[in-house]
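Here the structure is laid out as structure tokens; the discussion comes afterwards.
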Amino acid sequence: MEYTIERITTLIGARRLGTAEATISWLLTDSRSLCFPESTLFFALRSERNDGHKYIPELYNRGVRNFVVSSTPQNAADYKDANFLKVTDVLSALQRLAERHRDEFDIPVVGITGSNGKTMVKEWLYQLLSPSMTVTRSPRSYNSQIGVPLSVWLLNERTQVALLEAGISEVGEMDALQDIIQPTIGVLTSLGAPHQENFRSLEEKCMEKLMLFKNASFIAYNTDDAVVSRCVRRSSFKASKIGWSRENPSEALYIKNVSSGTDATTILYVYKGKEASYRLPFIDEASVECSFACAAIALHLGITAEQLDERMATLDPVAMRLEVKEGIHGCTLINDTYNSDINSLDIALDFMNRRPDQNGQRRTLILSDIYQSGETQQRLYEKVSELALNRGVQKFIGIGSALKANASAIHVPECHFFEDVQSFVGSDVFRSLHDELILVKGSRAFGFDYIAELLEQKVHETILEVNLNALVDNFNYYRSLMKPETKLVCMVKADAYGAGAVEVSKTLQDHRVDYLAVAVADEGVTLRKNGITCNIIIMNPEMTAFKTMFDYDLEPEVYSFRLMDALIRAAEKEGITNYPVHIKLDTGMHRLGFDPDKDIDEVIGRLKHQNAIIPRSVFSHFVGSDSDELDDFSTSQFEKFQRAADKLQAAFSHKILRHIANSAGIEHFPERQLDMCRLGIGLYGVNPRNNNMINNVSTLKTTILQMRTVPADETVGYSRKGKLSQDSVIAAIPIGYADGLDRHLGNGRGYCMVNGCKAPYVGNICMDVAMIDVTGINCKEGDMVEIFGNNLPVTVLSDALDTIPYEVLTSVSNRVKRIYLME
């Protein structure tokens, strides 16, 4: 749907500066996601750490002409043909516009909230309902104070039912979301621990979530949950209620029996007195529970028992994240092969477009037919073409009869169309793919997972899975502990602690990190060649690499007079002036750095008598910020640093950044955060203060190659070290010390996880293979084995090895393939 700028001005109660005519179709809150500037309205949101107003000049230069602001630019007259809609609060204006847009629709709107399972219920309901009706749903997990209004904006004249998520993290947030969503039908999924820290009790959180349904005509919930049932009674809803229950036959949806096999679950149920069943292609408890909520709503909306059985059996797994993998022939693969609709396509294309260019890779989209859009096929694929072109797609590969029939609607420079997956993978087009960034986006019904499998480079059955969302969560967690004006430098040396510096740096750059830091210049060059443009510090500069640092804008630390003099001579030889450097002070580590008492005057003198280099920052290292026992020493370090840093700053008119706090220091000494902090191990999920995990980033996993029963009188492995005390089932896994699995974990000193159970290492760990004892564990060849990760924290391994998590993480060999996951 489209709105005139005049109508939007009235709807949000804005004061308009500018008279240009405009029609708005797109709302934008993140400048990086711009696609259609001429019909975009940008909301300049302010937060603790960012201000959307500062992106107005950039967006104007990129063609945006309509802005919602809380303060107009001082040079507003210079923005010819622009409209500025001035409001008191930009976020409130965004929410108010979404509310008024929602008022236009008299359709079933399903509001979904809860602690767990919201996205799964929403996506499965979409799969169950969309064959019969046109459904608009929240993209991925757009369930926040910003995400919800952007989701509601997607409602259009073709929408017959809406599925909208609502997520909250504290008391008072649901009111605004209720006003925006105005659900006619409510679904409360399971309650759980997420965000519990902001609520006094589970009951308080439940009551806050139920606020979403205060004006709904129908609500569905699990009556077996005593807390939920009690809160629903307290809420005194006038709405009709449908409870699902495994215990109470009198409920509207009674789950009479649940029978799980090896790969599917059969649910026998009674709905309003009629018995029926459906088969679910999953066996885990979370999926089974979510299916009850889906069944309740689908049946309420008129899906028959026969349709429910047929559609439940074909449910796809919910794609909670995109996967970035190394592909064949120099390609990089973005795998999003679970669903295909216009909104999720836009998000996936945006993700691809925001990745820095990597070695000149062309951007290629492989797309399946899109079903149930509610539009004519011609108009639908014209939209697809517009999205692809605006996101920089250079090659388009369409698969499916609808795309092939509407090939004329796609205007990407290079296009190819195929009837099905088999004809594509057997073609010269498939064989010619090379040096491309490929987004594979389509429904599994088309077999797109087969395309992804063929394009993925097969290296090793052992992989390191890197969760980029967890990385961002850790990044934001530490940012939340800092003052908004304090900058943050993230350590990505040692290949980002084993996680892969290129992908980690791309993610951090996308989230506007202030600085990155690597050990040597070659690491910085790799980042630059892969599109990293933000500032990079070289922590251990080599004198042979000065020219490289100049050529690639890499900023060295300077820790000695010898290094300083050599750097100045090299810069002068190149005709360079005011090259930024970072002055390192040794306040007690006694590793590298100038003496803050004895050397600082000489440092200042040499810097003042040349113009080749200029101090950008001055810093030092806490020796023991992770230990309370060393607090006195940390205080003496800080005092030394302050004296020297103040003296250095006094000698120069420009701002010199001061930083001494590392991951532990950020949390332990908030008053010592100064101008910048350095985030290392905390970024990768380990809290150095207590050795607990924050959000796990890296999971090392492998598979069972072979299993055999070994009698008690036999041994396992080299030198007969693996002595057995009973008849045992021994599994071989393709990981060894050449992959980074420490030999000291062998002979029962360490263990891995197989299907949720501990499996100790038996015998000596070999170069490429290890043996584990899986006696009594329900497993088979091909099952996944977790070496460390979500179920077995890396800190458990480091404790067993009497070392630190850094060593375990950085020991993972480069021959282990990295797979990157992003929601």
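In the structure tokens, chains take letters A, B, ... by order of appearance, with residues numbered from 1 within each chain and ligands from 1 in the order shown.
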*Mind listing the strand (DSSP E or B) residues of stretch 491-685 of chain A, per DSSP on the backbone, as a ChimeraX atom specification?*
/A:491,515-518,535-538,554-558,579-585,594,613-619,657-659,676-679
*Mind checking which residues fall within 12 Å of A:Gly717, counting only C-alpha atoms, ignoring those fewer than 4 positions away in the same chain, and posting them as a list in words?*
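What passes the distance filter is Val710, Lys721, Gly722, Lys723, Leu724, Ile730, Ala731, Ala732, Gly746, Asn747, Tyr761, Val762, Gly763, Asn764, Ile765, Cys766, Met767, Val769, Ala770, Met771 and Ile772 of chain A.
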Selection export as a PDB file, in the first residue's frame, atoms kept: N, CA, C and O atoms:
```pdb
ATOM      1  N   VAL A 710      33.943 -53.654  21.380  1.00  0.00           N
ATOM      2  CA  VAL A 710      35.284 -54.122  21.714  1.00  0.00           C
ATOM      3  C   VAL A 710      35.215 -54.845  23.064  1.00  0.00           C
ATOM      4  O   VAL A 710      34.722 -54.274  24.048  1.00  0.00           O
ATOM      5  N   LYS A 721      47.080 -47.834  25.061  1.00  0.00           N
ATOM      6  CA  LYS A 721      46.784 -47.005  26.239  1.00  0.00           C
ATOM      7  C   LYS A 721      45.310 -47.061  26.631  1.00  0.00           C
ATOM      8  O   LYS A 721      44.956 -46.782  27.776  1.00  0.00           O
ATOM      9  N   GLY A 722      44.445 -47.377  25.663  1.00  0.00           N
ATOM     10  CA  GLY A 722      43.015 -47.371  25.966  1.00  0.00           C
ATOM     11  C   GLY A 722      42.559 -48.685  26.541  1.00  0.00           C
ATOM     12  O   GLY A 722      42.064 -49.567  25.836  1.00  0.00           O
ATOM     13  N   LYS A 723      42.697 -48.838  27.831  1.00  0.00           N
ATOM     14  CA  LYS A 723      42.345 -50.097  28.503  1.00  0.00           C
ATOM     15  C   LYS A 723      40.864 -50.075  28.891  1.00  0.00           C
ATOM     16  O   LYS A 723      40.375 -49.108  29.473  1.00  0.00           O
ATOM     17  N   LEU A 724      40.173 -51.151  28.560  1.00  0.00           N
ATOM     18  CA  LEU A 724      38.741 -51.235  28.815  1.00  0.00           C
ATOM     19  C   LEU A 724      38.466 -52.094  30.049  1.00  0.00           C
ATOM     20  O   LEU A 724      39.120 -53.101  30.279  1.00  0.00           O
ATOM     21  N   ILE A 730      32.771 -48.638  20.932  1.00  0.00           N
ATOM     22  CA  ILE A 730      33.749 -47.593  20.643  1.00  0.00           C
ATOM     23  C   ILE A 730      33.430 -46.971  19.289  1.00  0.00           C
ATOM     24  O   ILE A 730      33.214 -47.677  18.300  1.00  0.00           O
ATOM     25  N   ALA A 731      33.390 -45.657  19.260  1.00  0.00           N
ATOM     26  CA  ALA A 731      33.131 -44.927  18.016  1.00  0.00           C
ATOM     27  C   ALA A 731      34.383 -44.170  17.603  1.00  0.00           C
ATOM     28  O   ALA A 731      35.080 -43.590  18.442  1.00  0.00           O
ATOM     29  N   ALA A 732      34.649 -44.158  16.305  1.00  0.00           N
ATOM     30  CA  ALA A 732      35.757 -43.379  15.754  1.00  0.00           C
ATOM     31  C   ALA A 732      35.196 -42.100  15.161  1.00  0.00           C
ATOM     32  O   ALA A 732      34.182 -42.120  14.444  1.00  0.00           O
ATOM     33  N   GLY A 746      42.970 -37.242  25.852  1.00  0.00           N
ATOM     34  CA  GLY A 746      42.821 -38.679  25.640  1.00  0.00           C
ATOM     35  C   GLY A 746      42.875 -39.478  26.923  1.00  0.00           C
ATOM     36  O   GLY A 746      43.116 -38.962  28.019  1.00  0.00           O
ATOM     37  N   ASN A 747      42.627 -40.785  26.764  1.00  0.00           N
ATOM     38  CA  ASN A 747      42.693 -41.712  27.895  1.00  0.00           C
ATOM     39  C   ASN A 747      41.776 -41.322  29.052  1.00  0.00           C
ATOM     40  O   ASN A 747      42.142 -41.414  30.233  1.00  0.00           O
ATOM     41  N   TYR A 761      36.926 -39.783  25.814  1.00  0.00           N
ATOM     42  CA  TYR A 761      37.930 -40.204  24.832  1.00  0.00           C
ATOM     43  C   TYR A 761      38.648 -41.445  25.355  1.00  0.00           C
ATOM     44  O   TYR A 761      39.019 -41.521  26.529  1.00  0.00           O
ATOM     45  N   VAL A 762      38.850 -42.416  24.473  1.00  0.00           N
ATOM     46  CA  VAL A 762      39.484 -43.684  24.832  1.00  0.00           C
ATOM     47  C   VAL A 762      40.815 -43.779  24.113  1.00  0.00           C
ATOM     48  O   VAL A 762      40.896 -43.561  22.903  1.00  0.00           O
ATOM     49  N   GLY A 763      41.859 -44.086  24.849  1.00  0.00           N
ATOM     50  CA  GLY A 763      43.171 -44.244  24.239  1.00  0.00           C
ATOM     51  C   GLY A 763      43.764 -42.911  23.827  1.00  0.00           C
ATOM     52  O   GLY A 763      43.231 -41.828  24.121  1.00  0.00           O
ATOM     53  N   ASN A 764      44.902 -42.986  23.141  1.00  0.00           N
ATOM     54  CA  ASN A 764      45.568 -41.778  22.674  1.00  0.00           C
ATOM     55  C   ASN A 764      44.802 -41.149  21.516  1.00  0.00           C
ATOM     56  O   ASN A 764      44.328 -41.858  20.624  1.00  0.00           O
ATOM     57  N   ILE A 765      44.707 -39.837  21.519  1.00  0.00           N
ATOM     58  CA  ILE A 765      44.124 -39.124  20.389  1.00  0.00           C
ATOM     59  C   ILE A 765      45.139 -39.124  19.248  1.00  0.00           C
ATOM     60  O   ILE A 765      46.308 -38.774  19.441  1.00  0.00           O
ATOM     61  N   CYS A 766      44.700 -39.522  18.055  1.00  0.00           N
ATOM     62  CA  CYS A 766      45.590 -39.624  16.895  1.00  0.00           C
ATOM     63  C   CYS A 766      45.624 -38.293  16.140  1.00  0.00           C
ATOM     64  O   CYS A 766      44.922 -37.344  16.480  1.00  0.00           O
ATOM     65  N   MET A 767      46.441 -38.244  15.090  1.00  0.00           N
ATOM     66  CA  MET A 767      46.561 -37.014  14.319  1.00  0.00           C
ATOM     67  C   MET A 767      45.231 -36.606  13.683  1.00  0.00           C
ATOM     68  O   MET A 767      44.867 -35.435  13.683  1.00  0.00           O
ATOM     69  N   VAL A 769      42.170 -38.801  13.882  1.00  0.00           N
ATOM     70  CA  VAL A 769      41.026 -39.572  14.391  1.00  0.00           C
ATOM     71  C   VAL A 769      41.142 -39.686  15.908  1.00  0.00           C
ATOM     72  O   VAL A 769      42.238 -39.744  16.458  1.00  0.00           O
ATOM     73  N   ALA A 770      39.978 -39.694  16.555  1.00  0.00           N
ATOM     74  CA  ALA A 770      39.925 -39.977  17.988  1.00  0.00           C
ATOM     75  C   ALA A 770      38.872 -41.053  18.215  1.00  0.00           C
ATOM     76  O   ALA A 770      37.955 -41.233  17.409  1.00  0.00           O
ATOM     77  N   MET A 771      39.026 -41.799  19.304  1.00  0.00           N
ATOM     78  CA  MET A 771      38.060 -42.837  19.657  1.00  0.00           C
ATOM     79  C   MET A 771      37.338 -42.431  20.937  1.00  0.00           C
ATOM     80  O   MET A 771      37.978 -41.901  21.865  1.00  0.00           O
ATOM     81  N   ILE A 772      36.043 -42.680  20.958  1.00  0.00           N
ATOM     82  CA  ILE A 772      35.229 -42.325  22.126  1.00  0.00           C
ATOM     83  C   ILE A 772      34.396 -43.519  22.544  1.00  0.00           C
ATOM     84  O   ILE A 772      34.037 -44.367  21.730  1.00  0.00           O
TER      85      ILE A 772
END
```
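By chain and then residue number, the residues within 9 Å of A:Trp124 are Thr119, Met120, Val121, Gln127, Leu128, Leu129, Cys290, Ser291, Cys294, Met312, Leu315, Asp316, Pro317 and Val318 of chain A, counting only C-alpha atoms and disregarding those fewer than 3 positions away in sequence.
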Could you produce a table of the residues of stretch 212-326 of chain A lying within 12 Å of stretch 484-502 of chain A, with the nearest pair of atoms per residue and their separation in Å rounded to one decimal, using only C-alpha atoms, ordered by chain and increasing residue number, as a Markdown table?
```
| residue | atom | partner | partner_atom | distance |
| --- | --- | --- | --- | --- |
| A:Val324 | CA | A:Val502 | CA | 11.9 |
| A:Lys325 | CA | A:Gly500 | CA | 11.8 |
| A:Glu326 | CA | A:Gly500 | CA | 11.9 |
```
_Calculated over only C-alpha atoms, which of the candidates A:Thr526, A:Gln182, A:Asn687, A:Thr587 has the smallest distance to A:Ala645?_
A:Thr587
*For A:Ala664, which residue out of A:Asp522, A:Leu481, A:Glu285, A:Pro734 is the nearest one, using only C-alpha atoms?*
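Once distances to A:Ala664 are computed over only C-alpha atoms, the minimum belongs to A:Leu481.
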*asked:* What does the structure give for the distance between atom CA of A:Gly327 and atom CA of A:Ser505, in Å to one decimal?
replied: 19.5 Å
*Name all residues at most 10 Å from A:Asp435 (count only C-alpha atoms; drop same-chain ones fewer than 2 positions away) and give them as an MDAnalysis selection string.*
chainID A and resid 327:332 358:363 432:433 437:438
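For the pair atom CA of A:Ser627 and atom CA of A:Phe788, the interatomic distance is 25.4 Å.
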*Selection: 9 Å around A:Lys506, only C-alpha atoms, excl. self and same-chain fewer than 6 positions, as a list in words*: Arg354, Arg355, Pro356, Leu527, Asn530, Gly531 and Ile532 of chain A
Expected file contents, prior selection, N, CA and C atoms, as a short mmCIF file (atom, residue, chain, number, x, y, z; two decimals), in the first residue's frame:
```cif
data_model
loop_
_atom_site.label_atom_id
_atom_site.label_comp_id
_atom_site.auth_asym_id
_atom_site.auth_seq_id
_atom_site.Cartn_x
_atom_site.Cartn_y
_atom_site.Cartn_z
N ARG A 354 25.06 -6.08 2.12
CA ARG A 354 25.84 -5.40 3.15
C ARG A 354 27.18 -6.08 3.41
N ARG A 355 27.42 -7.20 2.79
CA ARG A 355 28.73 -7.84 2.90
C ARG A 355 29.71 -7.11 2.01
N PRO A 356 30.87 -6.70 2.54
CA PRO A 356 31.86 -6.03 1.69
C PRO A 356 32.27 -6.93 0.53
N LEU A 527 42.19 -8.59 5.87
CA LEU A 527 40.91 -7.93 6.12
C LEU A 527 40.63 -6.85 5.07
N ASN A 530 39.44 -8.14 1.83
CA ASN A 530 38.10 -8.71 1.91
C ASN A 530 37.05 -7.66 2.26
N GLY A 531 37.37 -6.40 2.02
CA GLY A 531 36.37 -5.35 2.11
C GLY A 531 36.21 -4.68 3.46
N ILE A 532 37.13 -4.91 4.39
CA ILE A 532 37.04 -4.25 5.69
C ILE A 532 37.66 -2.86 5.58
#
```
